[in-house]
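Chemist: File name protein-v2.tsv; file contents TSV, C-alpha atoms and all ligand atoms; full text below.
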chain	number	residue	atom	x	y	z
A	1	MET	CA	-108.34	-392.95	11.57
A	2	GLU	CA	-106.78	-389.56	12.23
A	3	ALA	CA	-103.31	-388.86	10.78
A	4	ILE	CA	-101.03	-385.87	11.36
A	5	ALA	CA	-98.18	-384.93	9.04
A	6	LYS	CA	-95.59	-382.19	9.06
A	7	ALA	CA	-93.87	-380.87	5.92
A	8	HIS	CA	-91.40	-378.05	5.36
A	9	THR	CA	-91.33	-375.46	2.60
A	10	ASN	CA	-88.67	-375.58	-0.07
A	11	ILE	CA	-86.87	-372.96	-2.09
A	12	ALA	CA	-86.16	-373.65	-5.75
A	13	LEU	CA	-82.51	-373.36	-6.75
A	14	ILE	CA	-83.49	-374.13	-10.34
A	15	LYS	CA	-87.06	-372.99	-10.89
A	16	TYR	CA	-90.18	-374.82	-11.99
A	17	TRP	CA	-91.74	-372.33	-14.36
A	18	GLY	CA	-94.49	-373.38	-16.75
A	19	LYS	CA	-96.86	-376.31	-17.06
A	20	ARG	CA	-97.45	-378.66	-19.97
A	21	ASP	CA	-100.64	-379.97	-18.33
A	22	GLU	CA	-102.53	-377.75	-15.93
A	23	SER	CA	-104.92	-380.23	-14.42
A	24	LEU	CA	-102.22	-382.81	-13.64
A	25	PHE	CA	-99.61	-380.17	-12.71
A	26	LEU	CA	-97.04	-381.46	-15.20
A	27	PRO	CA	-94.12	-379.10	-15.61
A	28	MET	CA	-92.36	-377.90	-18.74
A	29	ASN	CA	-88.97	-378.38	-17.06
A	30	SER	CA	-87.30	-380.28	-14.23
A	31	SER	CA	-86.37	-378.29	-11.13
A	32	LEU	CA	-84.15	-378.49	-8.06
A	33	SER	CA	-84.77	-377.29	-4.52
A	34	ILE	CA	-83.59	-377.29	-0.97
A	35	THR	CA	-86.05	-378.00	1.82
A	36	LEU	CA	-85.93	-375.40	4.61
A	37	ASP	CA	-85.91	-376.12	8.34
A	38	GLN	CA	-87.70	-372.99	9.60
A	39	PHE	CA	-91.03	-372.86	7.81
A	40	TYR	CA	-93.47	-375.74	7.88
A	41	THR	CA	-97.09	-376.82	7.91
A	42	THR	CA	-98.63	-379.34	10.28
A	43	THR	CA	-101.88	-380.91	9.08
A	44	ALA	CA	-104.26	-383.30	10.79
A	45	VAL	CA	-106.82	-385.17	8.68
A	46	GLN	CA	-109.67	-387.37	9.77
A	47	PHE	CA	-111.95	-389.02	7.24
A	48	CYS	CA	-115.31	-389.95	8.67
A	49	SER	CA	-118.49	-391.40	7.21
A	50	CYS	CA	-120.28	-389.12	9.69
A	51	LEU	CA	-119.51	-386.05	7.52
A	52	ASN	CA	-121.45	-384.91	4.46
A	53	GLN	CA	-118.86	-382.39	3.28
A	54	ASP	CA	-115.18	-381.55	3.86
A	55	LEU	CA	-114.33	-379.08	6.61
A	56	PHE	CA	-111.11	-377.08	6.46
A	57	ILE	CA	-109.68	-375.27	9.47
A	58	LEU	CA	-106.67	-373.10	8.69
A	59	ASN	CA	-104.61	-371.61	11.52
A	60	GLY	CA	-107.50	-372.10	13.94
A	61	ASN	CA	-110.26	-370.59	11.79
A	62	LEU	CA	-112.81	-372.19	9.53
A	63	ALA	CA	-111.58	-371.46	5.98
A	64	ASP	CA	-113.80	-369.68	3.45
A	65	ASP	CA	-115.65	-371.51	0.69
A	66	ALA	CA	-113.01	-370.84	-1.97
A	67	GLU	CA	-110.21	-372.30	0.16
A	68	THR	CA	-112.32	-375.28	1.17
A	69	THR	CA	-113.26	-376.00	-2.46
A	70	LYS	CA	-109.55	-376.15	-3.40
A	71	ILE	CA	-108.84	-378.60	-0.61
A	72	SER	CA	-111.91	-380.68	-1.54
A	73	LYS	CA	-110.76	-380.90	-5.16
A	74	PHE	CA	-107.43	-382.22	-3.97
A	75	LEU	CA	-109.07	-384.70	-1.59
A	76	ASP	CA	-111.20	-385.91	-4.52
A	77	ARG	CA	-108.04	-387.33	-6.10
A	78	ILE	CA	-107.31	-389.26	-2.90
A	79	ARG	CA	-110.91	-390.46	-2.58
A	80	GLU	CA	-110.76	-391.63	-6.18
A	81	LEU	CA	-107.53	-393.53	-5.54
A	82	LYS	CA	-109.04	-395.27	-2.55
A	83	GLY	CA	-112.40	-395.72	-4.23
A	84	GLU	CA	-114.34	-394.34	-1.27
A	85	LYS	CA	-116.58	-391.29	-1.15
A	86	ILE	CA	-116.08	-390.12	2.42
A	87	TYR	CA	-115.37	-386.61	3.65
A	88	ALA	CA	-112.74	-385.27	6.00
A	89	ILE	CA	-111.94	-382.68	8.62
A	90	VAL	CA	-108.65	-381.02	7.73
A	91	ASN	CA	-106.94	-378.97	10.41
A	92	SER	CA	-103.85	-377.18	9.16
A	93	ASN	CA	-101.39	-374.82	10.83
A	94	ASN	CA	-98.72	-372.86	9.00
A	95	GLU	CA	-95.60	-372.23	11.04
A	96	VAL	CA	-94.33	-369.27	9.13
A	97	PRO	CA	-93.57	-365.83	10.53
A	98	THR	CA	-96.87	-363.97	10.59
A	99	ALA	CA	-97.42	-361.53	7.73
A	100	ALA	CA	-94.07	-362.46	6.23
A	101	GLY	CA	-95.55	-363.63	2.98
A	102	PHE	CA	-93.43	-366.78	3.11
A	103	ALA	CA	-96.48	-369.02	3.42
A	104	SER	CA	-96.13	-371.66	0.86
A	105	SER	CA	-98.48	-374.01	-0.87
A	106	ALA	CA	-95.55	-376.45	-1.02
A	107	SER	CA	-95.48	-377.40	2.66
A	108	GLY	CA	-99.28	-377.23	2.79
A	109	TYR	CA	-99.97	-379.76	0.05
A	110	ALA	CA	-97.07	-382.02	1.04
A	111	ALA	CA	-98.43	-382.29	4.59
A	112	LEU	CA	-102.01	-382.68	3.35
A	113	ALA	CA	-101.06	-385.41	0.87
A	114	ALA	CA	-99.27	-387.38	3.58
A	115	ALA	CA	-101.94	-386.98	6.28
A	116	ALA	CA	-104.93	-387.52	3.99
A	117	THR	CA	-103.62	-390.64	2.27
A	118	LYS	CA	-102.76	-392.22	5.62
A	119	SER	CA	-106.06	-391.25	7.19
A	120	ILE	CA	-108.09	-392.80	4.36
A	121	GLY	CA	-106.07	-396.00	4.69
A	122	LEU	CA	-103.70	-395.83	1.72
A	123	ASP	CA	-100.14	-396.96	2.36
A	124	LEU	CA	-98.05	-394.99	-0.15
A	125	ASP	CA	-94.29	-394.72	-0.55
A	126	LYS	CA	-92.57	-391.36	-0.94
A	127	LYS	CA	-92.55	-391.51	-4.73
A	128	GLU	CA	-96.31	-391.99	-4.78
A	129	LEU	CA	-96.80	-389.28	-2.16
A	130	SER	CA	-94.73	-386.90	-4.26
A	131	ARG	CA	-96.93	-387.58	-7.29
A	132	ILE	CA	-100.06	-386.86	-5.24
A	133	ALA	CA	-98.67	-383.71	-3.58
A	134	ARG	CA	-97.74	-382.42	-7.06
A	135	GLN	CA	-101.43	-382.35	-7.97
A	136	GLY	CA	-102.14	-379.81	-5.22
A	137	SER	CA	-99.24	-377.52	-6.08
A	138	GLY	CA	-96.32	-378.45	-8.29
A	139	SER	CA	-93.58	-377.36	-5.90
A	140	ALA	CA	-95.18	-379.46	-3.12
A	141	CYS	CA	-93.88	-382.66	-4.71
A	142	ARG	CA	-90.34	-381.59	-3.70
A	143	SER	CA	-91.28	-381.02	-0.03
A	144	ILE	CA	-91.82	-384.76	0.47
A	145	TYR	CA	-88.04	-385.04	0.81
A	146	GLY	CA	-85.50	-383.16	2.89
A	147	GLY	CA	-82.20	-381.71	1.70
A	148	TYR	CA	-81.49	-381.23	-2.01
A	149	VAL	CA	-84.34	-382.51	-4.16
A	150	GLU	CA	-84.93	-382.82	-7.89
A	151	TRP	CA	-88.36	-382.89	-9.47
A	152	GLU	CA	-88.03	-384.86	-12.67
A	153	MET	CA	-90.48	-383.44	-15.17
A	154	GLY	CA	-91.23	-386.81	-16.78
A	155	GLU	CA	-92.59	-387.34	-20.27
A	156	LYS	CA	-95.76	-389.35	-19.93
A	157	THR	CA	-99.12	-387.67	-20.41
A	158	ASP	CA	-100.59	-389.37	-17.31
A	159	GLY	CA	-97.93	-387.85	-15.04
A	160	SER	CA	-96.80	-391.21	-13.65
A	161	ASP	CA	-93.13	-390.35	-14.23
A	162	SER	CA	-93.29	-386.79	-12.86
A	163	TYR	CA	-92.18	-386.81	-9.21
A	164	ALA	CA	-89.40	-385.66	-6.92
A	165	LYS	CA	-86.40	-387.66	-5.77
A	166	PRO	CA	-83.64	-386.86	-3.29
A	167	VAL	CA	-80.33	-385.63	-4.69
A	168	MET	CA	-78.29	-385.27	-1.52
A	169	ASP	CA	-78.87	-385.10	2.22
A	170	GLY	CA	-78.74	-381.50	3.45
A	171	GLN	CA	-76.41	-382.46	6.29
A	172	GLU	CA	-73.74	-383.39	3.77
A	173	TRP	CA	-73.47	-379.79	2.66
A	174	ASP	CA	-75.39	-377.57	5.04
A	175	LEU	CA	-75.61	-374.16	3.39
A	176	SER	CA	-77.30	-371.17	4.98
A	177	ILE	CA	-80.40	-369.67	3.39
A	178	LEU	CA	-81.49	-366.26	4.60
A	179	SER	CA	-85.10	-365.37	3.90
A	180	VAL	CA	-85.18	-361.64	3.47
A	181	LEU	CA	-88.49	-359.88	4.01
A	182	VAL	CA	-88.90	-356.72	1.97
A	183	GLY	CA	-92.63	-356.69	1.35
A	184	SER	CA	-95.60	-358.64	2.54
A	185	LYS	CA	-98.23	-357.28	0.22
A	186	GLN	CA	-100.41	-359.92	-1.40
A	187	LYS	CA	-98.85	-360.96	-4.73
A	188	LYS	CA	-100.56	-359.31	-7.67
A	189	VAL	CA	-100.01	-362.21	-10.04
A	190	LEU	CA	-100.05	-365.62	-8.37
A	191	SER	CA	-97.39	-368.06	-9.57
A	192	ARG	CA	-100.03	-370.28	-11.16
A	193	GLU	CA	-101.40	-367.48	-13.31
A	194	GLY	CA	-97.96	-365.96	-13.86
A	195	MET	CA	-96.42	-369.09	-15.29
A	196	LYS	CA	-99.46	-369.72	-17.52
A	197	ARG	CA	-99.35	-366.22	-18.96
A	198	THR	CA	-95.62	-366.52	-19.52
A	199	VAL	CA	-95.86	-369.86	-21.34
A	200	GLU	CA	-98.67	-368.57	-23.53
A	201	THR	CA	-97.39	-365.11	-24.39
A	202	SER	CA	-93.75	-364.41	-23.54
A	203	PRO	CA	-91.32	-364.50	-26.48
A	204	PHE	CA	-88.59	-365.06	-23.87
A	205	TYR	CA	-90.10	-368.34	-22.68
A	206	PRO	CA	-88.41	-370.48	-25.37
A	207	GLY	CA	-85.10	-368.99	-24.16
A	208	TRP	CA	-85.90	-370.20	-20.66
A	209	LEU	CA	-86.59	-373.72	-21.92
A	210	ASP	CA	-83.41	-373.72	-24.03
A	211	THR	CA	-81.12	-373.31	-21.03
A	212	VAL	CA	-82.88	-374.62	-17.94
A	213	GLU	CA	-81.71	-378.22	-18.32
A	214	LYS	CA	-78.11	-377.07	-18.61
A	215	ASP	CA	-78.58	-374.94	-15.48
A	216	LEU	CA	-79.99	-377.94	-13.63
A	217	ASN	CA	-77.08	-380.17	-14.58
A	218	LEU	CA	-74.56	-377.52	-13.53
A	219	ALA	CA	-76.33	-377.06	-10.19
A	220	LYS	CA	-76.32	-380.81	-9.53
A	221	GLN	CA	-72.64	-380.97	-10.43
A	222	ALA	CA	-71.93	-378.07	-8.05
A	223	ILE	CA	-73.78	-379.86	-5.24
A	224	GLN	CA	-71.89	-383.12	-5.81
A	225	GLN	CA	-68.58	-381.23	-5.83
A	226	ARG	CA	-69.57	-378.84	-2.98
A	227	ASP	CA	-68.56	-376.00	-5.31
A	228	PHE	CA	-70.31	-373.00	-3.74
A	229	ASP	CA	-69.46	-370.39	-6.38
A	230	LEU	CA	-70.52	-372.68	-9.21
A	231	LEU	CA	-73.84	-373.30	-7.44
A	232	GLY	CA	-74.40	-369.65	-6.50
A	233	ASN	CA	-73.73	-368.38	-10.00
A	234	VAL	CA	-76.09	-370.78	-11.71
A	235	VAL	CA	-78.82	-370.34	-9.07
A	236	GLU	CA	-78.74	-366.56	-9.38
A	237	ALA	CA	-78.63	-366.63	-13.19
A	238	ASN	CA	-81.52	-369.10	-13.30
A	239	ALA	CA	-83.69	-366.90	-11.08
A	240	LEU	CA	-82.95	-363.83	-13.20
A	241	LYS	CA	-83.88	-365.71	-16.35
A	242	MET	CA	-87.18	-366.83	-14.85
A	243	HIS	CA	-88.04	-363.27	-13.90
A	244	ALA	CA	-86.98	-362.00	-17.32
A	245	THR	CA	-89.67	-364.17	-18.94
A	246	THR	CA	-92.37	-362.29	-17.01
A	247	LEU	CA	-91.27	-358.97	-18.51
A	248	GLY	CA	-91.94	-360.32	-21.97
A	249	ALA	CA	-95.43	-361.61	-21.13
A	250	ASN	CA	-98.61	-359.97	-22.39
A	251	PRO	CA	-99.62	-358.15	-20.30
A	252	PRO	CA	-96.16	-357.90	-18.75
A	253	PHE	CA	-95.69	-358.27	-15.02
A	254	MET	CA	-92.91	-358.19	-12.47
A	255	TYR	CA	-92.59	-359.69	-8.98
A	256	TRP	CA	-89.83	-357.37	-7.80
A	257	GLN	CA	-90.35	-354.27	-5.68
A	258	SER	CA	-87.77	-351.56	-5.08
A	259	GLY	CA	-86.64	-353.36	-1.91
A	260	THR	CA	-86.06	-356.53	-3.91
A	261	ILE	CA	-83.58	-354.72	-6.15
A	262	GLU	CA	-81.89	-353.09	-3.16
A	263	VAL	CA	-81.23	-356.52	-1.69
A	264	MET	CA	-80.00	-357.89	-5.02
A	265	GLU	CA	-77.54	-355.03	-5.33
A	266	HIS	CA	-76.38	-355.51	-1.79
A	267	VAL	CA	-75.70	-359.20	-2.34
A	268	GLN	CA	-73.59	-358.33	-5.37
A	269	GLU	CA	-71.69	-355.77	-3.26
A	270	LEU	CA	-71.05	-358.42	-0.60
A	271	ARG	CA	-69.41	-360.55	-3.27
A	272	GLU	CA	-67.27	-357.64	-4.40
A	273	ALA	CA	-66.21	-357.27	-0.76
A	274	GLY	CA	-65.09	-360.90	-0.75
A	275	ILE	CA	-68.08	-362.55	0.96
A	276	PRO	CA	-69.60	-365.13	-1.38
A	277	ALA	CA	-73.40	-364.83	-1.28
A	278	TYR	CA	-75.99	-365.28	-4.02
A	279	PHE	CA	-79.71	-364.59	-4.29
A	280	THR	CA	-82.78	-366.24	-5.67
A	281	ILE	CA	-86.38	-364.97	-5.85
A	282	ASP	CA	-89.69	-366.78	-6.30
A	283	ALA	CA	-93.04	-365.39	-7.39
A	284	GLY	CA	-93.00	-362.47	-4.97
A	285	PRO	CA	-90.86	-359.57	-3.75
A	286	ASN	CA	-88.91	-361.33	-0.99
A	287	VAL	CA	-85.38	-362.56	-1.58
A	288	LYS	CA	-83.59	-365.71	-0.45
A	289	VAL	CA	-79.85	-365.27	0.01
A	290	ILE	CA	-77.59	-368.32	-0.02
A	291	CYS	CA	-74.21	-368.38	1.68
A	292	GLN	CA	-71.86	-370.71	3.49
A	293	GLN	CA	-72.33	-371.20	7.24
A	294	LYS	CA	-69.06	-369.48	8.09
A	295	ASP	CA	-70.41	-366.27	6.52
A	296	GLU	CA	-74.02	-366.43	7.75
A	297	ALA	CA	-73.67	-363.98	10.65
A	298	ALA	CA	-71.88	-361.37	8.52
A	299	VAL	CA	-74.36	-361.74	5.64
A	300	ARG	CA	-77.33	-361.52	8.01
A	301	GLN	CA	-76.00	-358.35	9.60
A	302	ALA	CA	-75.27	-356.79	6.22
A	303	LEU	CA	-78.80	-357.55	5.04
A	304	LEU	CA	-80.36	-356.12	8.20
A	305	ASN	CA	-78.55	-352.87	7.41
A	306	VAL	CA	-80.36	-352.51	4.08
A	307	LYS	CA	-83.07	-349.88	4.44
A	308	ALA	CA	-85.83	-351.82	2.73
A	309	VAL	CA	-85.26	-354.97	4.75
A	310	GLN	CA	-87.92	-355.63	7.38
A	311	ASP	CA	-86.57	-358.92	8.71
A	312	VAL	CA	-84.14	-361.72	7.94
A	313	TYR	CA	-84.88	-365.35	8.87
A	314	LEU	CA	-81.94	-367.70	8.99
A	315	CYS	CA	-82.70	-371.15	7.59
A	316	HIS	CA	-80.76	-374.31	6.93
A	317	SER	CA	-81.61	-377.54	5.23
A	318	GLY	CA	-84.73	-379.17	6.63
A	319	PRO	CA	-86.23	-382.67	6.69
A	320	GLY	CA	-88.80	-384.35	4.48
A	321	VAL	CA	-92.38	-385.06	5.43
A	322	THR	CA	-92.92	-386.89	8.73
A	323	TYR	CA	-95.90	-388.25	10.64
A	324	LEU	CA	-96.58	-387.01	14.15
A	325	PRO	CA	-98.17	-389.10	16.88
A	326	VAL	CA	-101.95	-388.69	17.01
B	1	LIG	C1	-91.52	-369.51	-8.80
B	1	LIG	O1	-95.73	-374.67	-7.16
B	1	LIG	O2	-96.68	-372.45	-6.42
B	1	LIG	O3	-91.81	-370.75	-6.80
B	1	LIG	O4	-98.00	-375.67	-9.34
B	1	LIG	O5	-99.37	-373.68	-9.89
B	1	LIG	O6	-99.22	-374.46	-7.52
B	1	LIG	P1	-98.53	-374.34	-8.87
B	1	LIG	O7	-97.29	-373.38	-8.67
B	1	LIG	P2	-96.19	-373.31	-7.53
B	1	LIG	O8	-95.05	-372.55	-8.34
B	1	LIG	C2	-93.80	-372.33	-7.85
B	1	LIG	C3	-93.07	-371.40	-8.73
B	1	LIG	C4	-91.76	-370.88	-8.20
B	1	LIG	C5	-90.61	-371.78	-8.61
B	1	LIG	C6	-90.43	-373.09	-7.88
B	1	LIG	O9	-90.82	-373.23	-6.70
B	1	LIG	O10	-89.84	-373.99	-8.50
Could I get this file's structure written as structure tokens?
Modeler:
Amino acid sequence: MEAIAKAHTNIALIKYWGKRDESLFLPMNSSLSITLDQFYTTTAVQFCSCLNQDLFILNGNLADDAETTKISKFLDRIRELKGEKIYAIVNSNNEVPTAAGFASSASGYAALAAAATKSIGLDLDKKELSRIARQGSGSACRSIYGGYVEWEMGEKTDGSDSYAKPVMDGQEWDLSILSVLVGSKQKKVLSREGMKRTVETSPFYPGWLDTVEKDLNLAKQAIQQRDFDLLGNVVEANALKMHATTLGANPPFMYWQSGTIEVMEHVQELREAGIPAYFTIDAGPNVKVICQQKDEAAVRQALLNVKAVQDVYLCHSGPGVTYLPV
């Protein structure tokens, strides 16, 4: 049976940074995100006993061997769960602005987990889907849900208690998230490698672990109370702390480019001018700016005026994974 699923990317408000188990994608800390409405992946999967290997089509083109091997490894987990050794055709399309560098493994593996499990005949609930998506890319487990989502790190070594759960519907507090494009060069250090190197070598990593749970609790409190400044301050501080750990790694590395810093400075200036806006940054040079809807037009315009800024995409809270008619 063919199944088609659609999942949106998410941006971490409190970051997932570091694994305690690399093969099961078990994190060192819990994290919190908001699912975005603008960027998503749609994936169709059809398992068929007529195939003798997996085929992966990405944005209309047959993917290379390396990409297909990654997808096959992920599908192996689903085949194992079902107890059937059959192969699949996976046809995936990323709806992200071309060359923007916003493509995310999160929406990709969330959509793939949903479509593949349904196609092979497994009937999983969202908690189970989240656990499966996590094993393709950690942050994907959060894209199963819409709105504000927490990924609970769990404690068990088998990963059974490490999955995402919804914190609050995005409609209840619909903030604006502006995705600011400053560079689209391929990342030099992928997040997977970056977090591993940081855990293994950065003397600042214990400092990250010491405070991240407190940050998470403050962020959840801010969401419950709709306290924008409380949320913005902890989100920005948490992102800066994550990036600080990379500077202490051996060899050290940094995701920021000059344009990244220009945008960060500009956001701070906006605050000084009385417009509350805060930034966060993932494992790349682009910046996400968070503000309240009433300020979104002014913040967008101000960001477009920054020299290094190539484009600004306005996002709001988006939905969780859904199935599309075949
Ligand atoms: C900085 O989920 O891409 O965006 O689990 O190795 O696939 P893997 O990593 P990934 O890492 C995301 C790191 C981050 C923070 C976050 O999204 O929480």
Chemist: Need the shell around Gly121 in chain A: protein/DNA/RNA residues with any atom at most 12 Å away, counting only C-alpha atoms. Skip same-chain ones fewer than 2 positions apart. Format as a VMD selection string?
Modeler: chain A and resid 1 to 3 45 to 48 78 to 79 81 to 84 86 114 to 119 123 to 124
Chemist: Let's have the selection written as a short mmCIF file (atom, residue, chain, number, x, y, z; two decimals), in the frame of the given file, with C-alpha atoms.
Modeler:
data_model
loop_
_atom_site.label_atom_id
_atom_site.label_comp_id
_atom_site.auth_asym_id
_atom_site.auth_seq_id
_atom_site.Cartn_x
_atom_site.Cartn_y
_atom_site.Cartn_z
CA MET A 1 -108.34 -392.95 11.57
CA GLU A 2 -106.78 -389.56 12.23
CA ALA A 3 -103.31 -388.86 10.78
CA VAL A 45 -106.82 -385.17 8.68
CA GLN A 46 -109.67 -387.37 9.77
CA PHE A 47 -111.95 -389.02 7.24
CA CYS A 48 -115.31 -389.95 8.67
CA ILE A 78 -107.31 -389.26 -2.90
CA ARG A 79 -110.91 -390.46 -2.58
CA LEU A 81 -107.53 -393.53 -5.54
CA LYS A 82 -109.04 -395.27 -2.55
CA GLY A 83 -112.40 -395.72 -4.23
CA GLU A 84 -114.34 -394.34 -1.27
CA ILE A 86 -116.08 -390.12 2.42
CA ALA A 114 -99.27 -387.38 3.58
CA ALA A 115 -101.94 -386.98 6.28
CA ALA A 116 -104.93 -387.52 3.99
CA THR A 117 -103.62 -390.64 2.27
CA LYS A 118 -102.76 -392.22 5.62
CA SER A 119 -106.06 -391.25 7.19
CA ASP A 123 -100.14 -396.96 2.36
CA LEU A 124 -98.05 -394.99 -0.15
#
Chemist: Select all residues near (-93.1, -361.4, -23.7) (cut-off 12 Å, inclusive, file coordinates), counting all atoms listed in the file, and output them as an NGL selection string.
Modeler: :A and (194-195 or 197-208 or 242-254)
Chemist: Write out as a PDB file with C-alpha atoms, in the coordinates of the input each polymer residue whose atoms come within 12 Å of Asn305 in chain A, counting all atoms listed in the file; drop sequence neighbours fewer than 3 positions from it.
Modeler:
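Saved file result.pdb follows:
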ATOM      1  CA  VAL A 180     -85.180-361.640   3.470  1.00  0.00           C
ATOM      2  CA  GLU A 262     -81.890-353.090  -3.160  1.00  0.00           C
ATOM      3  CA  VAL A 263     -81.230-356.520  -1.690  1.00  0.00           C
ATOM      4  CA  HIS A 266     -76.380-355.510  -1.790  1.00  0.00           C
ATOM      5  CA  VAL A 267     -75.700-359.200  -2.340  1.00  0.00           C
ATOM      6  CA  ALA A 298     -71.880-361.370   8.520  1.00  0.00           C
ATOM      7  CA  VAL A 299     -74.360-361.740   5.640  1.00  0.00           C
ATOM      8  CA  ARG A 300     -77.330-361.520   8.010  1.00  0.00           C
ATOM      9  CA  GLN A 301     -76.000-358.350   9.600  1.00  0.00           C
ATOM     10  CA  ALA A 302     -75.270-356.790   6.220  1.00  0.00           C
ATOM     11  CA  ALA A 308     -85.830-351.820   2.730  1.00  0.00           C
ATOM     12  CA  VAL A 309     -85.260-354.970   4.750  1.00  0.00           C
ATOM     13  CA  GLN A 310     -87.920-355.630   7.380  1.00  0.00           C
ATOM     14  CA  ASP A 311     -86.570-358.920   8.710  1.00  0.00           C
ATOM     15  CA  VAL A 312     -84.140-361.720   7.940  1.00  0.00           C
TER      16      VAL A 312
END
Chemist: Taking only C-alpha atoms and all ligand atoms into account, which residues have an atom no farther than 9 Å from ligand LIG 1 (chain B)? I'd like them as number ranges by chain.
Modeler: A: 10-19, 22, 25-27, 30-33, 104-106, 134-142, 190-196, 239, 242-243, 281-284
Chemist: Of the candidates A:Asn29, A:Ser143, A:Gln292, A:Gln38, which shows the shortest atom-to-atom distance to Asp227 in chain A, using all atoms listed in the file?
Modeler: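 The closest residue to Asp227 in chain A is A:Gln292.
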Chemist: Quick one: what's the axis-aligned box for range 294-298 of chain A, all listed atoms, 3 Å on every side, centre and edges in Å to one decimal, as JSON?
Modeler:
{"center_x": -71.5, "center_y": -365.4, "center_z": 8.6, "size_x": 11.0, "size_y": 14.1, "size_z": 10.1}
Chemist: What is the CA of Trp151 in chain A to CA of Ala110 in chain A distance in Å?
Modeler: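 Pair CA of Trp151 in chain A / CA of Ala110 in chain A returns 13.7 Å.
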Chemist: Restricting the calculation to all atoms listed in the file, which member of A:Ser107, A:Ser317, A:Gln257, A:Gln171 is positioned closest to Lys188 in chain A?
Modeler: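 Closest to Lys188 in chain A of all the choices is A:Gln257.
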Chemist: Counting only C-alpha atoms, figure out which residue out of A:Gly146, A:Gly60, A:Asn91, A:Ala133 gets nearest to Thr322 in chain A.
Modeler: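 Of A:Gly146, A:Gly60, A:Asn91, A:Ala133, the one nearest Thr322 in chain A, counting only C-alpha atoms, is A:Gly146.
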Chemist: Can you tell me how far CA of Pro166 in chain A sits from CA of Glu150 in chain A, in Å to one decimal?
Modeler: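 That distance, rounded to one decimal, is 6.3 Å.
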Chemist: Residues within 9 Å of Asn233 in chain A, please, as number ranges by chain. Count only C-alpha atoms; anything in the same chain fewer than 5 positions from it doesn't count.
Modeler: A: 228, 238, 278
